[in-house]
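Trainee: Mind looking over this structure? Questions follow.
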Amino acid sequence: MSKNKVNIKSKSEILIMRESGKILAYVLNLLSQKIIPGISGDEIEEIAKKEIKKYNVIPSFLNYKTHEGGIPFPARVCFSVNDEIVHGFPYGKIIKEGDIVSIDIGIKYKGFHSDSAVTVGAGKVNSKANKLIKITKESLYKGIDQVKIGNRVGDLGFAIQNYAEKNGFSVVRDLVGHGVGRSIHEAPEIPNFGNKNNGLKLREGMVFAIEPMINEGSYYIRYDDDQWTIRTKDGKLSAHFEHTVAVTKDSCIILTELS
């Protein structure tokens with residue numbers, strides 16, 4: 001992730017990113033509706049491939065590398081199941097009744113990226129998993145509510161962490177949100193935990209992805225041997241929601257909403 005200064009977007013650039021976000025929202029919504037028992041990750045990847053081609057956009061994650069010499073990500077969709085927090089591969093996975101599935105996808109349109117994620121249950125999901133999904137989604141919007149000129153990054157993290165922990169869950173510490181623009185990952189980092197009135201002050205034209213990753217158990221993580229898939233260390237469930245948002249003069253715009 002870039003450690004450079006924050007790239008402020010113009011109003012015209014934010015309008016382009018809103019177009020990108022609408023396309024992404026449509027694709028993500030379509031994929032999430034396909035999550036039923038028996039569906040495979042390969043099928044989800046194939047649907048994403050067709051939709052991305054239809055809209056003539058570029059997948060942000062396919063062949064993405066975190067560093068020079070790193071293993072490129074092999075899919076358009078991050079497909080993470082149950083105890084997988086993020087960056088799971090879709091290939092070879094068959095979804096079972098009661099699984100929870102996080103779908104994370106990004107696209108590049110007219111030179112700008114957008115990034116979004118949802119977690120959905122397959123078939124009948126137990127009450128704890130349903131609560132985890134609900135609270136994770138609500139924690140995202142708690143963070144979004146803090147996006148306004150003059151607030152600080154810590155205000156977002158505090159709101160997310162406070163809400164998740166109040167409901168009996170933990171917030172992943174080792175993974176954070178990020179700026180979005182001409183690169184899929186830009187400055188600043190956007191932690192899902194923190195203290196009020198701490199961190200970078202928000203300014204008009206900032207665009208970033210807020211993405212709480214909330215665990216059923218502890219917040220500790222572990223990596224699979226594939227060097228991408230990240231799981232809960234204790235094997236318990238994790239959920240993930242994400243929107244790309246822009247700081248505006250009055251408040252903020254959620255760029256990756258359908259409407």
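Every chain in the structure tokens takes a letter, A first, then B, and so on in the order presented; its residues are numbered from 1, and the ligands are numbered from 1 following the presented order.
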Skipping near chain neighbours, those fewer than 5 positions away, what residues fall within 10 Å of range 37-45 of chain A using only C-alpha atoms, listed as an mmCIF file with N, CA and C atoms, in the first residue's frame?

Mentor:
```cif
data_model
loop_
_atom_site.group_PDB
_atom_site.id
_atom_site.type_symbol
_atom_site.label_atom_id
_atom_site.label_comp_id
_atom_site.auth_asym_id
_atom_site.auth_seq_id
_atom_site.Cartn_x
_atom_site.Cartn_y
_atom_site.Cartn_z
ATOM 1 N N LEU A 30 -25.244 -8.718 -8.108
ATOM 2 C CA LEU A 30 -25.562 -9.921 -8.891
ATOM 3 C C LEU A 30 -24.852 -11.146 -8.320
ATOM 4 N N LEU A 31 -23.575 -10.995 -8.025
ATOM 5 C CA LEU A 31 -22.806 -12.120 -7.481
ATOM 6 C C LEU A 31 -23.362 -12.572 -6.135
ATOM 7 N N SER A 32 -23.712 -11.606 -5.283
ATOM 8 C CA SER A 32 -24.201 -11.953 -3.944
ATOM 9 C C SER A 32 -25.515 -12.728 -4.012
ATOM 10 N N LYS A 50 -17.708 -12.483 -17.026
ATOM 11 C CA LYS A 50 -18.641 -12.088 -18.086
ATOM 12 C C LYS A 50 -19.172 -10.676 -17.874
ATOM 13 N N GLU A 51 -19.506 -10.348 -16.624
ATOM 14 C CA GLU A 51 -20.058 -9.025 -16.342
ATOM 15 C C GLU A 51 -19.013 -7.930 -16.529
ATOM 16 N N ALA A 75 -7.428 -14.290 -9.521
ATOM 17 C CA ALA A 75 -8.858 -14.216 -9.835
ATOM 18 C C ALA A 75 -9.333 -12.768 -9.846
ATOM 19 N N ARG A 76 -10.544 -12.598 -10.367
ATOM 20 C CA ARG A 76 -11.191 -11.283 -10.364
ATOM 21 C C ARG A 76 -11.896 -11.025 -9.042
ATOM 22 N N VAL A 77 -12.280 -12.107 -8.367
ATOM 23 C CA VAL A 77 -13.078 -12.037 -7.141
ATOM 24 C C VAL A 77 -12.297 -12.619 -5.978
ATOM 25 N N CYS A 78 -12.264 -11.888 -4.860
ATOM 26 C CA CYS A 78 -11.824 -12.475 -3.596
ATOM 27 C C CYS A 78 -13.038 -13.174 -2.995
ATOM 28 N N PHE A 79 -12.907 -14.463 -2.719
ATOM 29 C CA PHE A 79 -14.034 -15.325 -2.343
ATOM 30 C C PHE A 79 -13.661 -16.052 -1.058
ATOM 31 N N SER A 80 -14.113 -15.507 0.071
ATOM 32 C CA SER A 80 -13.651 -15.972 1.381
ATOM 33 C C SER A 80 -14.803 -16.597 2.152
ATOM 34 N N VAL A 81 -14.612 -17.821 2.619
ATOM 35 C CA VAL A 81 -15.693 -18.621 3.197
ATOM 36 C C VAL A 81 -15.438 -18.911 4.680
ATOM 37 N N GLY A 88 -9.484 -14.816 -0.150
ATOM 38 C CA GLY A 88 -9.620 -16.216 -0.519
ATOM 39 C C GLY A 88 -9.738 -16.381 -2.023
ATOM 40 N N PHE A 89 -9.233 -17.499 -2.549
ATOM 41 C CA PHE A 89 -9.379 -17.820 -3.963
ATOM 42 C C PHE A 89 -10.756 -18.460 -4.189
ATOM 43 N N PRO A 90 -11.389 -18.199 -5.330
ATOM 44 C CA PRO A 90 -12.686 -18.837 -5.589
ATOM 45 C C PRO A 90 -12.573 -20.286 -6.035
ATOM 46 N N TYR A 91 -11.451 -20.662 -6.569
ATOM 47 C CA TYR A 91 -11.341 -21.932 -7.277
ATOM 48 C C TYR A 91 -11.436 -23.151 -6.361
ATOM 49 N N GLY A 92 -12.241 -24.121 -6.805
ATOM 50 C CA GLY A 92 -12.351 -25.398 -6.107
ATOM 51 C C GLY A 92 -13.253 -25.399 -4.884
ATOM 52 N N LYS A 93 -13.933 -24.311 -4.622
ATOM 53 C CA LYS A 93 -14.801 -24.227 -3.443
ATOM 54 C C LYS A 93 -16.254 -24.476 -3.833
ATOM 55 N N ILE A 94 -16.930 -25.343 -3.096
ATOM 56 C CA ILE A 94 -18.362 -25.584 -3.253
ATOM 57 C C ILE A 94 -19.049 -25.110 -1.974
ATOM 58 N N ILE A 95 -20.021 -24.235 -2.116
ATOM 59 C CA ILE A 95 -20.678 -23.657 -0.942
ATOM 60 C C ILE A 95 -21.723 -24.615 -0.386
ATOM 61 N N LYS A 96 -21.698 -24.755 0.938
ATOM 62 C CA LYS A 96 -22.621 -25.648 1.641
ATOM 63 C C LYS A 96 -23.671 -24.841 2.402
ATOM 64 N N GLU A 97 -24.758 -25.515 2.736
ATOM 65 C CA GLU A 97 -25.811 -24.912 3.558
ATOM 66 C C GLU A 97 -25.214 -24.373 4.858
ATOM 67 N N GLY A 98 -25.506 -23.108 5.169
ATOM 68 C CA GLY A 98 -25.031 -22.513 6.407
ATOM 69 C C GLY A 98 -23.695 -21.813 6.318
ATOM 70 N N ASP A 99 -22.999 -21.936 5.175
ATOM 71 C CA ASP A 99 -21.747 -21.204 5.003
ATOM 72 C C ASP A 99 -22.017 -19.703 4.930
ATOM 73 N N VAL A 101 -20.228 -16.305 3.104
ATOM 74 C CA VAL A 101 -19.286 -16.048 2.015
ATOM 75 C C VAL A 101 -19.075 -14.549 1.861
ATOM 76 N N ILE A 103 -17.580 -11.693 -0.520
ATOM 77 C CA ILE A 103 -17.195 -11.422 -1.904
ATOM 78 C C ILE A 103 -16.635 -10.010 -1.955
ATOM 79 N N GLY A 121 -25.026 -15.125 3.587
ATOM 80 C CA GLY A 121 -25.189 -16.492 4.039
ATOM 81 C C GLY A 121 -25.799 -17.361 2.953
ATOM 82 N N ALA A 122 -25.419 -18.628 2.940
ATOM 83 C CA ALA A 122 -25.947 -19.585 1.966
ATOM 84 C C ALA A 122 -27.013 -20.446 2.644
ATOM 85 N N GLY A 123 -28.249 -20.299 2.183
ATOM 86 C CA GLY A 123 -29.328 -21.092 2.761
ATOM 87 C C GLY A 123 -29.611 -20.695 4.194
ATOM 88 N N LYS A 124 -29.867 -21.681 5.036
ATOM 89 C CA LYS A 124 -30.180 -21.422 6.437
ATOM 90 C C LYS A 124 -28.890 -21.272 7.235
#
```

Trainee: Could you list, as a PyMOL selection string, every residue within 9 Å of Asn162 in chain A, counting only C-alpha atoms and ignoring same-chain residues fewer than 5 positions away?

Mentor: chain A and resi 139+157+167+193

Trainee: Since we have the selection now, will you write its residues out, keeping N, CA and C atoms, as a CSV table (one decimal), in the first residue's frame?

Mentor:
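The resulting selection39.csv:
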```csv
chain,number,residue,atom,x,y,z
A,139,SER,N,-21.7,-1.9,11.3
A,139,SER,CA,-20.4,-1.2,11.7
A,139,SER,C,-19.8,-0.4,10.5
A,157,GLY,N,-12.6,4.8,12.8
A,157,GLY,CA,-12.2,3.5,13.5
A,157,GLY,C,-12.8,3.3,14.8
A,167,ASN,N,-21.2,-5.4,20.6
A,167,ASN,CA,-22.1,-6.5,20.2
A,167,ASN,C,-21.4,-7.9,20.4
A,193,PHE,N,-10.4,0.5,13.7
A,193,PHE,CA,-10.2,0.6,15.2
A,193,PHE,C,-9.5,1.9,15.4
```

Trainee: Measuring atom to atom with only C-alpha atoms, identify which of A:Leu28, A:Val86, A:Ile52, A:Ala246 is nearest to Asp224 in chain A.

Mentor: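 Under the stated criterion, the closest residue is A:Val86.
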
Trainee: Of the residues A:Pro212, A:Gly21, A:Gly106, A:Gly69, which is the one nearest to His240 in chain A, using only C-alpha atoms?

Mentor: A:Pro212

Trainee: Quick one: pick out all strand (DSSP E or B) residues within range 23-244 of chain A from a backbone DSSP run and write them as JSON, numbers by chain.

Mentor: {"A": [40, 58, 59, 77, 78, 79, 80, 81, 84, 85, 86, 94, 100, 101, 102, 103, 104, 105, 106, 107, 108, 109, 112, 113, 114, 115, 116, 117, 118, 119, 120, 121, 152, 170, 171, 177, 178, 179, 186, 187, 188, 189, 190, 201, 207, 208, 209, 210, 213, 214, 215, 221, 222, 223, 230, 231, 232, 238, 239, 240, 242, 243, 244]}

Trainee: List every residue of range 11-244 of chain A that DSSP, applied to the backbone of this structure, assigns to alpha helix (DSSP H), and report them as a PyMOL selection string.

Mentor: chain A and resi 11-33+41-54+127-144+153-166

Trainee: Residues within 12 Å of Leu258 in chain A, please, as an MDAnalysis selection string. Count only C-alpha atoms; anything in the same chain fewer than 2 positions from it doesn't count.

Mentor: chainID A and resid 18:30 116 243 254:256
